[in-house]
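**Student:** Take a look at the following structure, please.
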Amino acid sequence: MKLARSALLLAGLAGALLLAPPARAQAQALDRAGLVQELCGDAGAMGRAGATLAATAAAGSDEDRAWAAPLARAAIDRKLGCDETGAVLEEGGLDAVTRTPRAATGTPRAPLLSLRNRPVFELGDAAFALRGAPDPARRAAALKTLERRPALIPERLLDRAAEAETDAGLKEQIDTLAQTAALNAADPAARIRAIGRVAENPSRRALTRISALARDPAYEANPEFRAAVDAATARIERGIAIGDALATLYNGLSFASILFMAAIGLAIIFGLMGVINLAQGELIMIGAYVTWLVQQGLRAVAPGLLDWYLILAIPVAFLVTAAIGIALEASLLRHLYKRPLMSLLATWAVSLFLMNLVRVVFGTQNLQFETPFYVTGGVPVIGDFIFTWNRMFAIAFAALTLALTWALVRRTPFGLNIRAVTQNRDMAACIGIPTRRVDMMAFGLGSGLAGLAGLALSPIYSVNPQMGQNFIIDAFMVVVLGGVGTIAGTVVAALGIGQINVLIEPLWGAVAAKVIVLLMIIAFLQWRPEGLFAVKGRRK
Amino acid sequence: MSLTALLVDGVTVRFGSFRALDDLSLAIDYGEVRAIIGPNGAGKTTLLDVISGITRPKQGRVLFDGATDLTEISEAAIARAGLRRKFQKPSVFKGLSVRRHIAIGADVGFRARLDAPALEDRIDEVLEIVGLADQAGRLAGELSHGQKQWLEIGMVLASDPKVLMLDEPVAGLTDEETERTAALVRALRRPDRAIVVVEHDMDFVERIADRVTVLHEGRTLFEGSMAHVRADAAVVDVYLGR
Amino acid sequence: MSRIGPTSPIVLLIGLIILVAMAMAGLAGTEFALSRYLANAIGQLAAFAVLAISLDLIWGYLGILSLGHGLFFALGGYLMAMYLLKHSFEITATVPDFLQFMGWKDFPFYWAGFEFFPYALAVAVVVTLLVSGIFGYVSFRSRVGGVYFAIITQALVYVAMLLMFRNDTGFGGNNGMTGFTVLFGWPMGTSGMITALAVASLLVLAWVLLGCRWLVGSRFGALMLATRDDETRLRTMGYETLRLKLIVWCLSALIAMLAGMLYVPQVGIINPRVLSPELSLEIAVWVAIGGRGHLVGAVIGALLVNAVKFWLSSAAPEIWPFILSGLIVLVVLVFPNGLMDIAKFKFVRPMGAKRLAADLGESRP
């Protein structure tokens, strides 16, 4: 009942607006005295005056708008004193037309807005505020008022407001409202144009809007309108599908990047020494903590550089974790090379130690990271797919790490030594390669890469003492799948596991994704027990 | 019983792009001691790996007794069929006693099938042959290199194999031990047994082998008696040297 | 294997276990009876010792390290908990809390029959054999071993944990199952029941110890050691090592399951945390500390580590991880055969890694 009544009221208001002739003529000059006269007239005259005010707010010249803006407010607050010569604005005691100081003659009458006219004046007042108020909060409040009656908003008001708007968030809201207003416009042609514009940027929100129009009376009545709605729906749905596919791919790629970063160090160490470093997850965690410390340090010493902490932390995170790795190798793992299963336990002890040490020193809560501008926001591409910069950062970082690691292993004497020792330790030792030193440096490299992984994921995932555990088992699976000590295998396996995880997750959930990935790996090992890129040779 | 124990038929094994065996064919008869020689990388050990089922060839087959294709059954099944092998690197079980080794070699199965006294006799006999009777209670991990070689031969012997493969049985042994090994190999020669020996020691090969196959780059370079081998120009070129 | 003399450690240990069990049973109800806390602790320790034996059987004697043995422990624990809940439900007629949380009025269909202990036991055995059998078969068939096997088992237990953390599986979700009131018709939580469970655990421990000692001393045990030392060699002697490994693996899983069934009624709860990779790694640590390849060592390792843990978890829980990691490093570097080294006064310098490798029979990666 209530709804029907307000709909009736709205329809009536729309009619009043359309009927008001001055709305069209506003572009030339505003008849200021006539307007004031109407404001002091009967309900019908006041209604016309309200419409004129709204139209002025949308299309009037700057002077006219500045002149007319106080009138709507004054009419609402009953601060307009009508007398024989016209009217006086009680605020400041100015003549309503000339804006010169004068006192009211006789007993001024403050006209009362009818129930029907009140929303028209409120709308007008909000329209002036949206375009003219210096305070963004005031403009936001005005926008809220307008949003309640999209059908009444004068044409082009919102376009102009959006043009002048300096606040990005508010601007977006204005644009959205403009679309809604256009979709609900009275002119069918305008509506169809608006439908086309909405369909240009497909998203789930756009789909909700357009599909709501299928319940509009015009959908049944107007075949042109119906065709436009149907075409737009199809176009938006296609856009959403493409966007979703791209988003899945993109998320998979970013997850794969993190996996790759976590696994590459593991794979190098495993290939070289047959040791699986169960503390790799904690080295990742320490990389993230070092990044946080660099941020805190910059905040204290050089706040101007704070935004660049992610970049400045790169060498620090690498060196700190590499140093931990080298210390670990020299003190512990060196004695365990012939006993890989014992080295598993030893590295687990290290993992336990590091995790609890960090817990004691820093506490268990998630660390707070600043979000530098270069990892903030993103570019909306299509549908609901937003090309977010934080994920792009991880992907680019992983790609760079891959390139550098590849160059290091393939193109430097150190890399040659690593490959030689990986393939045949005894023979490498015989031709004078210092295998112990190579082990130590390679362990440092693998650990440093884990530190970089920690840095790369700090803008995306929460950072706490347990975070290493979340990645380590996936990283193991990458190594198992990729095969021992091959960079190419690690890349392919990380991409595969990353994408499969992201593909399955929305269908059956994260747990099912992990179960399926594990089963697939076990099945895969039936076919290729040595992993994807195993080097074949005679069994020893 | 067919005269041919093993027929290697067009076997090719590849490791990456390297052909360890290249369309190799050869036949080994019952009653003979066949030596396989050749430079390093010629494919000698790979050939034994294929026969014992450790490496599966890309092409070709290996017929045992003219009927069983060894490339299609498991290592364990090959061993149970009567083909046994001593490895190049002494492979003994560090945690087991010498006596246990012979027992495991003599009878296959998770539970002993020979009745106990017969098994014990067989073990004593083999220990006597390989000269480890006084070491029977020791752990294999504690033995010297030469003793490990003998223990391995003992394990292989204990099963009374039809085809006996010895991969470098005298590598790292003293002259005296080599002497004893040669005598043992000759003593093991039987009409219903084929013995295949891979060895680099030419004097040893000369003393034991009935025929010699020279492998080179995965193919047969020459086949004949040791005297002929020494005379063959190609063999001298690639292997023996002038 | 050598004959067992009357003073050999294993005989002494089994004797001691039976003695403690008999003393506890005999003194129950008298003024000399152990406190409920102590009796309960002994029972739990016995269950952990059984678990340690199960891992030692495959790691110490077969050379296969599983970092996922908590899976079988949890299997036994969960199925025992299902029996206990169903049994308690018969008597109290209250649906357990976790089902009420889910808004379920009744037990899901797969809980049917669990009120009969023999059925619960049979399901536990069958499921354990199925899981261990299938996983073992595919792994051993493709010759996955060493470090690979260790981390795949770890992934397995991790995935199982994630699965059980879900609340919609009908197994209690992240809160697990608790609220057991009745066992074989007797009320739980009484001194008598606590003592009875502890005594039962001790007797099972003695029995498992005896059975495993018989196994590793037999010809089959010799073949296990041979598989550990050089599997390829054994295979080329005609032994199907796949079958041998599978048999021992499944047996080990069954023993771990048994430990879980003993454990749950004594702690009164089971939740997915027993499936955490940490617990499974800890089992390996007990065995390593005790000395793997020695049944006595595994038992003593489990008892010692857990006794310290029990004591510390009330006194100073935050330092336990540091002590544990220190212990591991000490064992790994200085006493590679764990307490067995200390027992023999066989101190080895860490630099002698090569000799150690020879001692341990673990030279191939």
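We name chains A, B, ... following the order of the structure tokens; residues begin at 1 in each chain, and ligands are numbered from 1 as shown.
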Skipping near chain neighbours, those fewer than 2 positions away, what residues fall within 8 Å of segment 421-429 of chain A using only C-alpha atoms, listed as a ChimeraX atom specification?

**Tutor:** /A:271-273,417-419,431-435,438,485

**Student:** Would you pick out the contacts of Gly132 of chain A at 10 Å or less, using only C-alpha atoms, so that residues sharing its chain but fewer than 4 positions from it are not included, and give the list as JSON, numbers by chain?

**Tutor:** {"A": [57, 62, 65, 66, 69, 126, 127, 128, 138, 139, 161, 164, 165]}

**Student:** Take the residues from that selection and write them out as a CSV table (one decimal), in the first residue's frame, keeping C-alpha atoms.

**Tutor:**
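Saved the output as result_35.csv:
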```csv
chain,number,residue,atom,x,y,z
A,57,ALA,CA,21.0,23.7,-10.5
A,62,ASP,CA,27.3,30.0,-12.6
A,65,ARG,CA,23.2,29.1,-9.6
A,66,ALA,CA,25.0,31.1,-6.9
A,69,ALA,CA,21.1,28.3,-4.3
A,126,ALA,CA,20.6,18.8,-2.9
A,127,ALA,CA,21.3,19.6,-6.5
A,128,PHE,CA,22.8,23.0,-5.7
A,138,ARG,CA,28.0,18.0,2.4
A,139,ARG,CA,28.2,16.9,-1.2
A,161,ALA,CA,28.7,17.4,-11.0
A,164,ALA,CA,33.7,19.1,-11.4
A,165,GLU,CA,34.0,16.5,-8.6
```

**Student:** Please measure the separation of atom CA of Thr233 of chain A and atom CA of Ile210 of chain A, giving the value in Å to one decimal.

**Tutor:**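 If I compute the distance from atom CA of Thr233 of chain A to atom CA of Ile210 of chain A, I get 6.5 Å.
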
**Student:** What are the nearest atom pairs, with distances in Å to one decimal, for all residues of chain C that come at most 8 Å from chain B, using only C-alpha atoms, set out by chain and rising residue number as JSON lines?

**Tutor:**
```
{"residue": "C:Arg219", "atom": "CA", "partner": "B:Arg111", "partner_atom": "CA", "distance": 6.4}
{"residue": "C:Phe220", "atom": "CA", "partner": "B:Phe110", "partner_atom": "CA", "distance": 5.4}
{"residue": "C:Ala222", "atom": "CA", "partner": "B:Leu96", "partner_atom": "CA", "distance": 6.8}
{"residue": "C:Leu223", "atom": "CA", "partner": "B:Phe110", "partner_atom": "CA", "distance": 7.5}
{"residue": "C:Leu225", "atom": "CA", "partner": "B:Gly95", "partner_atom": "CA", "distance": 6.4}
{"residue": "C:Ala226", "atom": "CA", "partner": "B:Phe93", "partner_atom": "CA", "distance": 5.3}
{"residue": "C:Asp229", "atom": "CA", "partner": "B:Phe93", "partner_atom": "CA", "distance": 5.2}
{"residue": "C:Asp230", "atom": "CA", "partner": "B:Phe93", "partner_atom": "CA", "distance": 6.3}
{"residue": "C:Arg233", "atom": "CA", "partner": "B:Ser91", "partner_atom": "CA", "distance": 6.6}
{"residue": "C:Arg235", "atom": "CA", "partner": "B:Ala76", "partner_atom": "CA", "distance": 5.0}
{"residue": "C:Thr236", "atom": "CA", "partner": "B:Glu75", "partner_atom": "CA", "distance": 5.4}
{"residue": "C:Met237", "atom": "CA", "partner": "B:Ala79", "partner_atom": "CA", "distance": 5.4}
{"residue": "C:Gly238", "atom": "CA", "partner": "B:Ala76", "partner_atom": "CA", "distance": 3.8}
{"residue": "C:Tyr239", "atom": "CA", "partner": "B:Ala76", "partner_atom": "CA", "distance": 5.2}
{"residue": "C:Glu240", "atom": "CA", "partner": "B:Ala76", "partner_atom": "CA", "distance": 5.7}
{"residue": "C:Leu244", "atom": "CA", "partner": "B:Phe110", "partner_atom": "CA", "distance": 7.9}
{"residue": "C:Ala358", "atom": "CA", "partner": "B:Gly141", "partner_atom": "CA", "distance": 7.7}
{"residue": "C:Gly361", "atom": "CA", "partner": "B:Lys94", "partner_atom": "CA", "distance": 6.7}
```

**Student:** When the cut-off is 9 Å and we count only C-alpha atoms, which residues of chain A are near chain C, given as a ChimeraX atom specification?

**Tutor:** /A:273-276,332,334-353,356-357,360,473-474,476-477,480,511-512,514-515,518,522-523,525-530

**Student:** Just the residues within 7 Å of Gly31 of chain B, please, counting only C-alpha atoms, with nothing from its chain fewer than 3 positions along; format it as a ChimeraX atom specification.

**Tutor:** /B:189-194

**Student:** Please report as number ranges by chain which residues of chain B come no farther than 8 Å from chain A, using only C-alpha atoms.

**Tutor:** B: 15-16, 46, 55

**Student:** Can you list every residue in segment 264-389 of chain A that DSSP puts in helix (DSSP H, G or I), as a ChimeraX atom specification?

**Tutor:** /A:264-273,280-301,303-331,333-336,340-362,373-375,389

**Student:** With distances taken over only C-alpha atoms, which of A:Leu183, A:Leu445, A:Ile269, A:Ala227 is nearest to Ala212 of chain A?

**Tutor:**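 Of the candidates, the smallest distance to Ala212 of chain A is held by A:Leu183.
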
**Student:** Please return as a VMD selection string: the residues of segment 157-243 of chain C that backbone DSSP assigns to strand (DSSP E or B).

**Tutor:** chain C and resid 177 to 178 182 to 183 186 to 187

**Student:** Could you pull the residues within 12 Å of Glu179 of chain B, counting only C-alpha atoms, minus those fewer than 5 positions along the same chain, as a PyMOL selection string?

**Tutor:** chain B and resi 169-170+173-174+184-186+201+203-205+207-208

**Student:** For Met441 of chain A, which residue out of A:Val379, A:Ile500, A:Leu457, A:Ile324 is the nearest one, using only C-alpha atoms?

**Tutor:** A:Ile324

**Student:** Could you give me, as a list in words, the residues within 9 Å of Gly38 of chain B, counting only C-alpha atoms and dropping anything in the same chain fewer than 5 positions from it?

**Tutor:**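 Contacts, with the query itself left out: Gly43, Lys44, Val198, Glu199, His200, Thr213, Val214, Leu215, His216, Glu217, Leu221, Val235, Val238, Tyr239 and Leu240 of chain B.
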
**Student:** My list of candidates is C:Met177, C:Ala206, C:Ala112, C:Ala33. Which is closest to Leu13 of chain C when distances are computed with only C-alpha atoms?

**Tutor:** C:Ala206

**Student:** Fewer than 2 positions away in the same chain doesn't count, so skip those; otherwise give me all residues within 12 Å of Ala23 of chain C, counting only C-alpha atoms, as a PyMOL selection string.

**Tutor:** chain C and resi 16-21+25-30+32-34+39+195-196+198-199+202

**Student:** Restrict the selected residues to N, CA and C atoms and save them as a short mmCIF file (atom, residue, chain, number, x, y, z; two decimals), in the first residue's frame.

**Tutor:**
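again_27.cif written:
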```cif
data_model
loop_
_atom_site.label_atom_id
_atom_site.label_comp_id
_atom_site.auth_asym_id
_atom_site.auth_seq_id
_atom_site.Cartn_x
_atom_site.Cartn_y
_atom_site.Cartn_z
N LEU C 16 59.04 -55.36 32.94
CA LEU C 16 58.73 -54.15 33.70
C LEU C 16 57.32 -53.66 33.40
N ILE C 17 56.97 -53.65 32.11
CA ILE C 17 55.63 -53.17 31.72
C ILE C 17 54.56 -54.02 32.37
N ILE C 18 54.75 -55.35 32.32
CA ILE C 18 53.74 -56.24 32.90
C ILE C 18 53.67 -56.06 34.41
N LEU C 19 54.84 -55.87 35.01
CA LEU C 19 54.90 -55.66 36.45
C LEU C 19 54.11 -54.41 36.84
N VAL C 20 54.34 -53.31 36.11
CA VAL C 20 53.63 -52.06 36.41
C VAL C 20 52.13 -52.28 36.24
N ALA C 21 51.76 -52.97 35.17
CA ALA C 21 50.34 -53.22 34.91
C ALA C 21 49.73 -54.01 36.07
N ALA C 25 46.88 -52.80 38.74
CA ALA C 25 45.62 -53.53 38.88
C ALA C 25 45.44 -53.98 40.31
N GLY C 26 46.54 -54.48 40.91
CA GLY C 26 46.44 -55.03 42.26
C GLY C 26 46.18 -53.96 43.31
N LEU C 27 46.78 -52.78 43.11
CA LEU C 27 46.67 -51.74 44.12
C LEU C 27 45.44 -50.87 43.93
N ALA C 28 44.71 -51.10 42.85
CA ALA C 28 43.55 -50.25 42.58
C ALA C 28 42.58 -50.30 43.76
N GLY C 29 42.11 -49.16 44.16
CA GLY C 29 41.13 -49.11 45.25
C GLY C 29 41.77 -49.08 46.62
N THR C 30 43.06 -49.42 46.74
CA THR C 30 43.71 -49.35 48.06
C THR C 30 44.31 -47.97 48.25
N PHE C 32 47.34 -47.31 48.39
CA PHE C 32 48.59 -47.18 47.65
C PHE C 32 48.36 -46.91 46.15
N ALA C 33 47.12 -46.86 45.78
CA ALA C 33 46.81 -46.68 44.36
C ALA C 33 47.38 -45.35 43.85
N LEU C 34 47.75 -45.36 42.56
CA LEU C 34 48.26 -44.13 41.95
C LEU C 34 47.14 -43.10 41.86
N ALA C 39 47.81 -42.25 36.87
CA ALA C 39 47.36 -43.47 36.18
C ALA C 39 46.97 -43.15 34.75
N THR C 195 42.14 -46.64 35.69
CA THR C 195 43.14 -47.67 35.94
C THR C 195 43.01 -48.80 34.93
N ALA C 196 41.77 -49.20 34.69
CA ALA C 196 41.55 -50.32 33.75
C ALA C 196 42.09 -49.97 32.37
N ALA C 198 44.44 -47.81 31.63
CA ALA C 198 45.90 -47.75 31.66
C ALA C 198 46.49 -49.15 31.65
N VAL C 199 45.90 -50.05 32.45
CA VAL C 199 46.40 -51.42 32.49
C VAL C 199 46.24 -52.07 31.12
N LEU C 202 48.90 -50.82 28.83
CA LEU C 202 50.20 -51.40 29.15
C LEU C 202 50.29 -52.83 28.61
#
```

**Student:** Val36 of chain A: which residues within 12 Å, counting only C-alpha atoms, same-chain residues fewer than 6 positions away excluded, as number ranges by chain?

**Tutor:** A: 30, 45-46, 48-50, 52-53, 67-68, 70-72, 74-75, 80-89, 95-99, 111

**Student:** Tell me, in Å to one decimal, how far atom CA of Gly304 of chain A is from atom CA of Thr376 of chain A.

**Tutor:** 17.7 Å

**Student:** How many Å separate atom CA of Glu122 of chain A from atom CA of Ala141 of chain A?

**Tutor:**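 Computed distance, atom CA of Glu122 of chain A to atom CA of Ala141 of chain A, equals 11.9 Å.
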